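Here's data-v9.cif, which has mmCIF, C-alpha atoms:
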```cif
data_model
loop_
_atom_site.label_atom_id
_atom_site.label_comp_id
_atom_site.auth_asym_id
_atom_site.auth_seq_id
_atom_site.Cartn_x
_atom_site.Cartn_y
_atom_site.Cartn_z
CA MET A 931 -19.84 -24.06 -8.55
CA ASP A 932 -20.06 -23.21 -12.18
CA LEU A 933 -17.27 -24.72 -14.26
CA SER A 934 -16.75 -21.37 -15.97
CA LEU A 935 -16.06 -19.76 -12.57
CA LEU A 936 -13.52 -22.41 -11.64
CA SER A 937 -12.01 -22.08 -15.07
CA ARG A 938 -11.60 -18.32 -14.63
CA LEU A 939 -10.10 -18.84 -11.18
CA ASN A 940 -7.58 -21.29 -12.60
CA ALA A 941 -6.78 -18.93 -15.48
CA LEU A 942 -6.13 -16.05 -13.07
CA ARG A 943 -3.73 -18.20 -11.11
CA ALA A 944 -1.83 -19.24 -14.23
CA GLU A 945 -1.36 -15.53 -15.01
CA ARG A 946 -0.22 -14.76 -11.42
CA ARG A 947 -3.29 -12.54 -10.91
CA PRO A 948 -5.31 -12.38 -7.68
CA GLY A 949 -9.02 -12.99 -7.23
CA VAL A 950 -11.60 -13.90 -4.59
CA LEU A 951 -14.41 -16.39 -5.10
CA VAL A 952 -17.41 -15.30 -3.00
CA THR A 953 -19.96 -17.93 -1.99
CA ASP A 954 -23.21 -16.80 -0.37
CA LEU A 955 -23.75 -19.51 2.24
CA ALA A 956 -27.52 -18.84 2.38
CA THR A 957 -28.30 -18.89 -1.34
CA ASN A 958 -25.18 -20.69 -2.67
CA ALA A 959 -24.81 -17.92 -5.26
CA GLN A 960 -21.21 -17.36 -6.31
CA ARG A 961 -19.17 -14.62 -7.93
CA LEU A 962 -15.50 -14.13 -8.73
CA VAL A 963 -14.15 -10.69 -7.92
CA THR A 964 -10.78 -9.31 -9.01
CA PRO A 965 -9.20 -6.29 -7.27
CA ASP A 966 -10.46 -3.87 -9.92
CA GLY A 967 -13.98 -4.90 -8.89
CA PHE A 968 -13.51 -4.66 -5.11
CA ALA A 969 -14.60 -1.04 -4.80
CA GLY A 970 -17.97 -1.74 -6.41
CA ASP A 971 -18.65 -4.88 -4.36
CA ALA A 972 -20.90 -5.02 -1.30
CA LEU A 973 -18.04 -6.75 0.58
CA ALA A 974 -15.34 -4.30 -0.57
CA ASP A 975 -13.52 -3.98 2.79
CA GLU A 976 -13.77 -7.70 3.54
CA LEU A 977 -12.40 -8.62 0.11
CA ASP A 978 -9.53 -6.18 0.48
CA ALA A 979 -8.62 -7.49 3.93
CA ALA A 980 -8.88 -11.15 2.91
CA LEU A 981 -6.67 -10.69 -0.13
CA ARG A 982 -4.09 -8.69 1.79
CA MET A 983 -3.78 -11.44 4.37
CA GLY A 984 -3.94 -14.11 1.68
CA ARG A 985 -6.43 -15.94 3.87
CA SER A 986 -9.72 -17.63 2.94
CA GLY A 987 -12.53 -17.39 5.48
CA THR A 988 -16.16 -16.82 6.39
CA VAL A 989 -17.43 -13.26 6.75
CA GLU A 990 -20.71 -12.01 8.20
CA LYS A 991 -22.28 -8.70 7.31
CA ASP A 992 -25.81 -7.29 7.52
CA GLY A 993 -27.21 -10.69 8.49
CA GLY A 994 -25.61 -12.51 5.54
CA ARG A 995 -22.77 -15.06 5.57
CA TRP A 996 -20.27 -15.58 2.82
CA PHE A 997 -17.24 -17.75 2.33
CA LEU A 998 -14.32 -16.07 0.60
CA THR A 999 -11.92 -18.34 -1.27
CA VAL A 1000 -8.86 -16.18 -1.63
CA GLN A 1001 -6.46 -16.76 -4.44
CA ALA A 1002 -3.31 -14.70 -4.17
CA PRO A 1003 -0.39 -15.46 -6.45
CA PRO A 1004 2.57 -17.04 -4.67
CA VAL A 1005 4.83 -14.32 -3.34
CA ARG A 1006 8.28 -14.39 -4.83
CA CYS A 1007 11.54 -12.74 -3.98
CA VAL A 1008 14.10 -11.98 -6.65
CA VAL A 1009 17.62 -11.31 -5.39
CA THR A 1010 20.63 -9.95 -7.24
CA GLY A 1011 23.73 -11.35 -5.60
CA ALA A 1012 24.54 -14.99 -4.90
CA VAL A 1013 26.33 -13.88 -1.75
CA HIS A 1014 26.53 -14.97 1.89
CA VAL A 1015 23.41 -13.00 2.89
CA SER A 1016 21.36 -14.62 0.12
CA GLN A 1017 22.57 -18.07 1.18
CA ALA A 1018 20.86 -17.42 4.51
CA LEU A 1019 17.89 -15.54 3.07
CA ALA A 1020 16.85 -18.24 0.58
CA PRO A 1021 15.99 -21.03 3.07
CA MET A 1022 14.38 -18.56 5.52
CA ALA A 1023 12.18 -17.07 2.80
CA LYS A 1024 11.20 -20.55 1.69
CA LEU A 1025 9.99 -21.35 5.23
CA CYS A 1026 7.75 -18.28 4.95
CA GLY A 1027 6.28 -19.63 1.72
CA ILE A 1028 8.18 -17.19 -0.47
CA ASP A 1029 9.59 -18.47 -3.73
CA VAL A 1030 13.19 -17.26 -4.19
CA THR A 1031 15.16 -16.66 -7.39
CA ILE A 1032 18.77 -15.51 -7.23
CA ILE A 1033 20.46 -13.71 -10.10
CA ASP A 1034 24.23 -13.34 -10.37
CA PRO A 1035 26.24 -13.36 -13.59
CA ARG A 1036 29.39 -14.31 -11.65
CA THR A 1037 29.40 -18.07 -12.05
CA ALA A 1038 31.79 -18.59 -9.13
CA PHE A 1039 29.07 -17.13 -6.87
CA ALA A 1040 26.03 -18.55 -8.65
CA SER A 1041 26.90 -22.20 -8.18
CA PRO A 1042 24.37 -24.91 -7.28
CA GLU A 1043 26.70 -26.13 -4.49
CA ARG A 1044 26.33 -22.83 -2.70
CA PHE A 1045 22.56 -22.77 -3.22
CA PRO A 1046 21.00 -26.22 -2.95
CA ASP A 1047 17.27 -26.26 -3.84
CA VAL A 1048 17.24 -22.61 -4.91
CA ARG A 1049 16.69 -21.30 -8.41
CA VAL A 1050 19.93 -19.53 -9.32
CA LEU A 1051 20.29 -17.79 -12.67
CA ALA A 1052 23.90 -17.16 -13.73
CA GLN A 1053 22.83 -14.34 -16.04
CA TRP A 1054 22.88 -10.54 -16.14
CA PRO A 1055 19.74 -9.06 -14.56
CA ASP A 1056 18.21 -7.74 -17.81
CA GLU A 1057 18.25 -11.17 -19.37
CA ALA A 1058 17.25 -13.04 -16.21
CA ILE A 1059 14.35 -10.71 -15.35
CA ALA A 1060 13.02 -10.86 -18.91
CA GLY A 1061 13.10 -14.65 -18.58
CA LEU A 1062 11.05 -14.40 -15.39
CA GLY A 1063 8.39 -12.42 -17.24
CA GLY A 1064 9.20 -9.20 -15.36
CA PHE A 1065 8.12 -8.22 -11.85
CA ASP A 1066 4.52 -8.00 -10.61
CA ARG A 1067 3.01 -6.66 -7.38
CA TYR A 1068 3.61 -10.02 -5.64
CA THR A 1069 7.35 -9.71 -6.19
CA ALA A 1070 9.94 -8.43 -3.72
CA PHE A 1071 13.27 -7.32 -5.16
CA VAL A 1072 16.44 -7.42 -3.08
CA ALA A 1073 19.80 -6.12 -4.29
CA VAL A 1074 22.76 -7.39 -2.26
CA THR A 1075 25.80 -7.64 -4.55
CA HIS A 1076 27.33 -4.25 -3.60
CA ASP A 1077 28.17 -4.02 -7.31
CA PRO A 1078 26.26 -1.31 -9.22
CA LYS A 1079 26.82 -3.15 -12.51
CA ILE A 1080 24.63 -5.97 -11.18
CA ASP A 1081 22.34 -4.27 -8.64
CA ASP A 1082 21.40 -1.17 -10.65
CA PRO A 1083 19.80 -2.94 -13.63
CA GLY A 1084 17.68 -4.96 -11.19
CA LEU A 1085 16.68 -1.83 -9.25
CA ILE A 1086 15.72 -0.10 -12.49
CA HIS A 1087 13.40 -3.00 -13.38
CA ALA A 1088 11.97 -3.00 -9.86
CA LEU A 1089 11.27 0.74 -9.81
CA ARG A 1090 9.51 0.53 -13.16
CA SER A 1091 7.29 -2.29 -11.85
CA GLU A 1092 4.66 -2.72 -9.14
CA CYS A 1093 7.02 -4.71 -6.86
CA PHE A 1094 5.63 -4.58 -3.32
CA TYR A 1095 9.12 -4.34 -1.87
CA VAL A 1096 12.45 -3.02 -3.12
CA GLY A 1097 15.53 -3.16 -0.91
CA ALA A 1098 19.21 -2.51 -1.50
CA LEU A 1099 22.19 -3.37 0.69
CA GLY A 1100 24.76 -0.71 1.43
CA SER A 1101 25.62 2.09 3.80
CA ARG A 1102 24.00 5.52 3.60
CA LYS A 1103 27.04 6.72 1.67
CA THR A 1104 26.73 3.86 -0.84
CA HIS A 1105 23.04 4.59 -1.15
CA GLY A 1106 23.76 8.29 -1.70
CA LYS A 1107 25.82 7.40 -4.78
CA ARG A 1108 23.06 5.02 -5.88
CA VAL A 1109 20.51 7.82 -5.63
CA GLU A 1110 22.75 9.99 -7.84
CA ARG A 1111 23.01 7.25 -10.49
CA LEU A 1112 19.25 6.56 -10.48
CA THR A 1113 18.48 10.27 -10.65
CA ALA A 1114 20.76 10.49 -13.69
CA GLN A 1115 18.70 7.66 -15.17
CA GLY A 1116 15.62 9.86 -14.88
CA PHE A 1117 14.00 8.50 -11.71
CA ALA A 1118 12.09 10.97 -9.56
CA PRO A 1119 12.77 11.24 -5.81
CA ALA A 1120 9.40 9.57 -5.08
CA ASP A 1121 10.40 6.53 -7.17
CA ILE A 1122 13.80 6.28 -5.52
CA ALA A 1123 12.17 6.61 -2.08
CA ARG A 1124 10.56 3.19 -2.67
CA ILE A 1125 13.98 1.61 -2.09
CA HIS A 1126 14.50 0.39 1.46
CA ALA A 1127 18.09 1.43 2.10
CA PRO A 1128 19.96 0.63 4.20
CA ILE A 1129 18.10 -2.64 3.68
CA GLY A 1130 16.29 -4.48 6.48
CA LEU A 1131 14.61 -3.70 9.78
CA ASP A 1132 16.83 -1.92 12.27
CA ILE A 1133 17.53 -4.82 14.63
CA GLY A 1134 21.27 -4.30 14.84
CA ALA A 1135 21.92 -7.28 12.58
CA VAL A 1136 25.58 -8.23 12.22
CA SER A 1137 26.00 -11.70 10.72
CA PRO A 1138 24.72 -12.64 7.24
CA ALA A 1139 21.93 -14.72 8.82
CA GLU A 1140 20.87 -11.82 11.04
CA ILE A 1141 20.85 -9.48 8.06
CA ALA A 1142 18.69 -12.04 6.25
CA VAL A 1143 16.25 -11.99 9.20
CA SER A 1144 16.06 -8.19 9.06
CA ILE A 1145 15.44 -8.24 5.30
CA LEU A 1146 12.81 -10.95 5.56
CA GLY A 1147 11.07 -9.10 8.40
CA GLU A 1148 10.92 -5.98 6.26
CA ILE A 1149 9.51 -7.97 3.31
CA VAL A 1150 6.79 -9.55 5.49
CA ALA A 1151 5.86 -6.13 6.89
CA ALA A 1152 5.60 -4.69 3.37
CA LEU A 1153 3.41 -7.61 2.36
CA ARG A 1154 1.07 -7.79 5.34
CA LYS A 1155 0.71 -4.37 6.90
CA LYS A 1156 -2.03 -2.18 5.58
CA PRO A 1157 -0.75 1.19 4.43
CA LEU A 1158 -1.54 3.64 7.21
CA ARG A 1159 -3.97 5.70 5.22
CA ALA A 1160 -4.56 8.16 8.04
CA GLU A 1161 -0.85 8.86 8.25
CA GLN A 1162 -0.57 9.23 4.50
CA ALA A 1163 -3.43 11.70 4.52
CA ALA A 1164 -1.91 13.70 7.37
CA MET B 378 2.24 -35.04 -6.82
CA LEU B 379 -0.44 -32.49 -5.96
CA ALA B 380 1.36 -30.19 -3.60
CA ASN B 381 -1.17 -27.45 -2.97
CA GLU B 382 -4.74 -26.21 -3.18
CA ASP B 383 -4.05 -24.64 -6.55
CA ASP B 384 -3.11 -27.92 -8.16
CA ILE B 385 -6.22 -29.53 -6.69
CA LEU B 386 -8.57 -26.96 -8.24
CA ARG B 387 -6.83 -27.27 -11.58
CA GLU B 388 -7.33 -31.01 -11.40
CA ALA B 389 -11.03 -30.51 -10.59
CA GLU B 390 -11.43 -28.55 -13.82
CA THR B 391 -9.61 -31.25 -15.78
CA TRP B 392 -11.85 -33.97 -14.34
CA LYS B 393 -15.01 -32.03 -15.16
CA ARG B 394 -13.89 -31.34 -18.71
CA ALA B 395 -13.21 -35.06 -19.10
CA GLY B 396 -16.91 -35.63 -18.40
CA ARG B 397 -16.71 -36.83 -14.81
CA GLY B 398 -19.16 -35.81 -12.09
CA VAL B 399 -17.17 -33.64 -9.68
CA ALA B 400 -17.76 -32.14 -6.23
CA VAL B 401 -15.54 -29.64 -4.44
CA ALA B 402 -15.38 -29.75 -0.63
CA THR B 403 -13.90 -26.72 1.16
CA VAL B 404 -13.06 -26.24 4.84
CA ILE B 405 -15.02 -23.06 5.63
CA GLU B 406 -14.64 -22.86 9.40
CA THR B 407 -12.46 -24.43 12.06
CA TRP B 408 -12.54 -24.32 15.85
CA GLY B 409 -9.74 -25.39 18.13
CA SER B 410 -6.71 -27.03 16.63
CA ALA B 411 -8.15 -28.39 13.40
CA PRO B 412 -5.66 -30.28 11.26
CA ARG B 413 -6.27 -28.46 7.98
CA PRO B 414 -6.73 -24.70 7.56
CA VAL B 415 -9.77 -22.86 6.27
CA GLY B 416 -9.72 -22.90 2.48
CA SER B 417 -8.36 -26.45 2.18
CA HIS B 418 -10.00 -28.45 -0.60
CA LEU B 419 -10.97 -32.03 -1.28
CA VAL B 420 -12.09 -32.80 -4.82
CA ILE B 421 -14.26 -35.87 -5.36
CA ASP B 422 -15.58 -37.58 -8.48
CA GLY B 423 -18.80 -39.62 -8.91
CA GLU B 424 -16.96 -42.86 -8.27
CA GLY B 425 -15.47 -41.70 -5.01
CA ARG B 426 -11.97 -40.96 -6.23
CA PHE B 427 -10.55 -37.94 -4.44
CA LEU B 428 -7.62 -35.54 -4.21
CA GLY B 429 -6.49 -33.19 -1.47
CA SER B 430 -7.68 -33.21 2.13
CA VAL B 431 -9.94 -31.41 4.60
CA SER B 432 -8.54 -33.13 7.70
CA GLY B 433 -5.64 -35.34 8.52
CA GLY B 434 -7.57 -38.22 7.02
CA CYS B 435 -10.18 -38.94 9.70
CA VAL B 436 -13.26 -37.43 8.03
CA GLU B 437 -12.40 -37.76 4.35
CA GLY B 438 -14.42 -40.98 4.08
CA ASP B 439 -17.60 -39.24 5.26
CA VAL B 440 -17.02 -36.23 3.04
CA VAL B 441 -16.53 -38.46 0.00
CA ALA B 442 -19.77 -40.34 0.74
CA GLN B 443 -21.71 -37.08 1.11
CA ALA B 444 -20.06 -35.64 -1.98
CA ILE B 445 -21.35 -38.51 -4.09
CA ASP B 446 -24.89 -37.51 -2.99
CA VAL B 447 -24.17 -33.89 -3.84
CA ILE B 448 -22.96 -34.92 -7.31
CA GLU B 449 -26.29 -36.70 -7.82
CA THR B 450 -28.63 -34.07 -6.41
CA GLY B 451 -26.68 -30.91 -7.27
CA ARG B 452 -27.66 -29.50 -3.87
CA PRO B 453 -24.73 -27.98 -1.91
CA THR B 454 -24.45 -28.99 1.73
CA THR B 455 -22.49 -28.03 4.81
CA LEU B 456 -21.05 -30.79 7.00
CA GLU B 457 -19.72 -30.44 10.50
CA PHE B 458 -17.23 -32.75 12.17
CA GLY B 459 -15.55 -33.05 15.51
CA VAL B 460 -12.03 -34.28 15.11
CA ALA B 461 -11.60 -35.18 18.75
CA ASP B 462 -12.41 -38.88 18.48
CA GLU B 463 -10.23 -41.81 19.37
CA THR B 464 -9.15 -42.41 15.80
CA ALA B 465 -7.88 -38.88 15.49
CA TRP B 466 -6.02 -39.20 18.75
CA ARG B 467 -4.37 -42.44 17.69
CA ALA B 468 -3.30 -40.90 14.41
CA GLY B 469 -1.47 -38.24 16.38
CA LEU B 470 -3.76 -35.41 15.28
CA SER B 471 -4.73 -32.52 17.42
CA CYS B 472 -7.63 -33.13 19.79
CA GLY B 473 -10.60 -30.90 20.36
CA GLY B 474 -10.78 -29.55 16.85
CA ARG B 475 -13.99 -29.17 14.88
CA ILE B 476 -14.38 -28.33 11.22
CA LYS B 477 -17.18 -27.22 8.92
CA VAL B 478 -16.98 -28.34 5.30
CA TYR B 479 -18.96 -26.92 2.38
CA VAL B 480 -19.60 -29.42 -0.41
CA GLU B 481 -20.80 -28.30 -3.83
CA ARG B 482 -21.14 -29.82 -7.26
CA LEU B 483 -19.11 -28.50 -10.15
CA ASP B 484 -21.62 -27.76 -12.93
#
```
Step by step, read the file and then write its structure as structure tokens.
Amino acid sequence: MDLSLLSRLNALRAERRPGVLVTDLATNAQRLVTPDGFAGDALADELDAALRMGRSGTVEKDGGRWFLTVQAPPVRCVVTGAVHVSQALAPMAKLCGIDVTIIDPRTAFASPERFPDVRVLAQWPDEAIAGLGGFDRYTAFVAVTHDPKIDDPGLIHALRSECFYVGALGSRKTHGKRVERLTAQGFAPADIARIHAPIGLDIGAVSPAEIAVSILGEIVAALRKKPLRAEQAA
Amino acid sequence: MLANEDDILREAETWKRAGRGVAVATVIETWGSAPRPVGSHLVIDGEGRFLGSVSGGCVEGDVVAQAIDVIETGRPTTLEFGVADETAWRAGLSCGGRIKVYVERLD
């Protein structure tokens, strides 16, 4: 491997950007491909699938064999609301390899005792999200405070970013009011439709832990399932 | 503490820039219940120091020895191991696994 290739791979990771190192197992030739170069690559579909699954592996095509070293940035989940649901969500997400950050300006909620081993920022969302360097496409955003003063600024950041998942807790009625506020802020219906609300898969969840399961299931689905292009086209 | 593959590759770059001979070993295929997943790395220097793992510890010694050759010759190689030996069993690792490891020099 050329040092310059490894160096570029390491630089991509430091910037939270994805890439795939392709090694031709017959010739040992190597190349580093970023998503903007997938379409023009001979292994376009294989690269896309490998990155989506975040899984390195050997692929065979047209008599050739390649090893794909996949580098996907760590998935993170940013939550507004240091509430009961997030107390359950944080350790579950961690088990799934998702890095969790919780934002809540209410210091009584955002206490380390309530959230051992979780990054909790007792700040308003604008300040906290700026400190995180904004949201990228490997970020899921979850709003669970029930308080528009705290959830809305986070949702606004999420809708202006490439977040792969945006979810907000609340009944249909609560969400209806949220839609009105976001519309007043200038968001188009298509933007607002990105919000999963009511949040979580419909599994009849009742307890905070069950709601956390439904949210996490929805996040994993958003991360792993290929968009159904045929359905979109229909 | 090098917790993940990312840290290991960063360390490989640091070693190389410090002037050390470096090889990168990568698990490219597994069969059965292999102890380390495809994509796992072991980074080796010319004196046999290493970081990371490609198995639960049973084949690292062989990989390191081969990697020192690769550092000298510059010729990448693919190694294949069965992990189902007595040592692996005693160490409590899964039996019946086999792994293929690609070893290349960092140039």
Sort by chain and increasing residue number a table of all residues of chain B within 6 Å of chain A, each with its closest pair of atoms and their distance in Å to one decimal, counting only C-alpha atoms, and write it as a tab-separated table.
```
residue	atom	partner	partner_atom	distance
B:Gly416	CA	A:Ser986	CA	5.3
B:Leu483	CA	A:Met931	CA	4.8
B:Asp484	CA	A:Asp932	CA	4.9
```
For the provided coordinates, the residues matched by the PyMOL selection byres ((chain A and resi 1011) around 6) should be stated as a VMD selection string. chain A and resid 1010 1012 to 1013 1034 1074 to 1075
Counting all atoms listed in the file, the residue of A:Pro1138, A:Gly1064, A:Gly984, A:Pro948 that sits nearest Pro965 in chain A: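 Selected residue with least distance to Pro965 in chain A: A:Pro948.
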Calculate how many Å separate CA of Gln1017 in chain A from CA of Arg982 in chain A, rounding to one decimal. 28.3 Å
What box, with edges along x, y and z, holds each listed atom of range 443-447 of chain B when 4 Å is added on every side, and can you state its centre and edge lengths in Å to one decimal, as lines of an AutoDock Vina configuration file?
```
center_x = -22.5
center_y = -36.2
center_z = -1.5
size_x = 12.8
size_y = 12.6
size_z = 13.2
```
Taking the file as I've supplied it (selection: the PyMOL selection byres ((chain B and resi 392-397) around 10)), which residues are included? Please answer as JSON, numbers by chain. {"A": [933], "B": [386, 387, 388, 389, 390, 391, 398, 399, 400, 420, 421, 422, 423, 424, 448, 483, 484]}
Neighbours of Arg1090 in chain A within 9 Å (only C-alpha atoms; same-chain residues fewer than 4 positions away dropped), as number ranges by chain? A: 1065, 1085-1086, 1121
Contact residues around Leu1131 in chain A with all atoms listed in the file at 10 Å, ignoring same-chain residues under 2 positions, as a ChimeraX atom specification: /A:1126-1129,1133-1135,1141-1149,1151
When you count only C-alpha atoms, which of these residues is closest to Thr455 in chain B: B:Glu437, B:Gly425, B:Ile385, B:Glu406?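 When distances to Thr455 in chain B are compared using only C-alpha atoms, the smallest one comes from B:Glu406.
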Selected by the PyMOL selection byres ((chain A and resi 973-976) around 12) in the shown coordinates: which residues, as a short mmCIF file (atom, residue, chain, number, x, y, z; two decimals) with C-alpha atoms, in the frame of the given file?
```cif
data_model
loop_
_atom_site.label_atom_id
_atom_site.label_comp_id
_atom_site.auth_asym_id
_atom_site.auth_seq_id
_atom_site.Cartn_x
_atom_site.Cartn_y
_atom_site.Cartn_z
CA VAL A 950 -11.60 -13.90 -4.59
CA LEU A 951 -14.41 -16.39 -5.10
CA VAL A 952 -17.41 -15.30 -3.00
CA THR A 953 -19.96 -17.93 -1.99
CA ASP A 954 -23.21 -16.80 -0.37
CA ARG A 961 -19.17 -14.62 -7.93
CA VAL A 963 -14.15 -10.69 -7.92
CA THR A 964 -10.78 -9.31 -9.01
CA PRO A 965 -9.20 -6.29 -7.27
CA ASP A 966 -10.46 -3.87 -9.92
CA GLY A 967 -13.98 -4.90 -8.89
CA PHE A 968 -13.51 -4.66 -5.11
CA ALA A 969 -14.60 -1.04 -4.80
CA GLY A 970 -17.97 -1.74 -6.41
CA ASP A 971 -18.65 -4.88 -4.36
CA ALA A 972 -20.90 -5.02 -1.30
CA LEU A 977 -12.40 -8.62 0.11
CA ASP A 978 -9.53 -6.18 0.48
CA ALA A 979 -8.62 -7.49 3.93
CA ALA A 980 -8.88 -11.15 2.91
CA LEU A 981 -6.67 -10.69 -0.13
CA ARG A 982 -4.09 -8.69 1.79
CA MET A 983 -3.78 -11.44 4.37
CA GLY A 984 -3.94 -14.11 1.68
CA ARG A 985 -6.43 -15.94 3.87
CA SER A 986 -9.72 -17.63 2.94
CA GLY A 987 -12.53 -17.39 5.48
CA THR A 988 -16.16 -16.82 6.39
CA VAL A 989 -17.43 -13.26 6.75
CA GLU A 990 -20.71 -12.01 8.20
CA LYS A 991 -22.28 -8.70 7.31
CA ASP A 992 -25.81 -7.29 7.52
CA GLY A 994 -25.61 -12.51 5.54
CA ARG A 995 -22.77 -15.06 5.57
CA TRP A 996 -20.27 -15.58 2.82
CA PHE A 997 -17.24 -17.75 2.33
CA LEU A 998 -14.32 -16.07 0.60
CA THR A 999 -11.92 -18.34 -1.27
CA VAL A 1000 -8.86 -16.18 -1.63
CA LYS A 1156 -2.03 -2.18 5.58
#
```
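Of the listed residues (B:Glu481, B:Ser410, B:Ser432, B:Ile405), B:Glu481 comes nearest to Asp446 in chain B; the distances count all atoms listed in the file.
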What is the distance, in Å and to one decimal place, between CA of Ile1122 in chain A and CA of Asp1082 in chain A?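 Interatomic distance, CA of Ile1122 in chain A to CA of Asp1082 in chain A: 11.8 Å.
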Straight-line distance linking CA of Asp1081 in chain A with CA of Ala1060 in chain A, stated in Å to one decimal: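 Spanning CA of Asp1081 in chain A to CA of Ala1060 in chain A is a straight-line distance of 15.4 Å.
Counting all atoms listed in the file, the residue from A:Leu1112, A:Val1030, A:Ala1139, A:Leu1051 that sits nearest to Pro1004 in chain A is A:Val1030.
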Of the candidates B:Leu428, B:Arg482, B:Lys477, B:Ala442, which shows the shortest atom-to-atom distance to Pro414 in chain B, using all atoms listed in the file?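 Among the listed residues, B:Lys477 lies closest to Pro414 in chain B.
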Give the answer as one residue: which of A:Ala1073, A:Cys1026, A:Ala1114, A:Ala1120 has the shortest atom-to-atom distance to Gly1100 in chain A, using only C-alpha atoms?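 Closest to Gly1100 in chain A of all the choices is A:Ala1073.
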At a cut-off of 12 Å from (5.2, -4.6, -5.3) in the coordinates of the file, what residues are picked up using all atoms listed in the file, written as a ChimeraX atom specification? /A:1005-1008,1064-1072,1087-1097,1124-1125,1149-1150,1152-1154
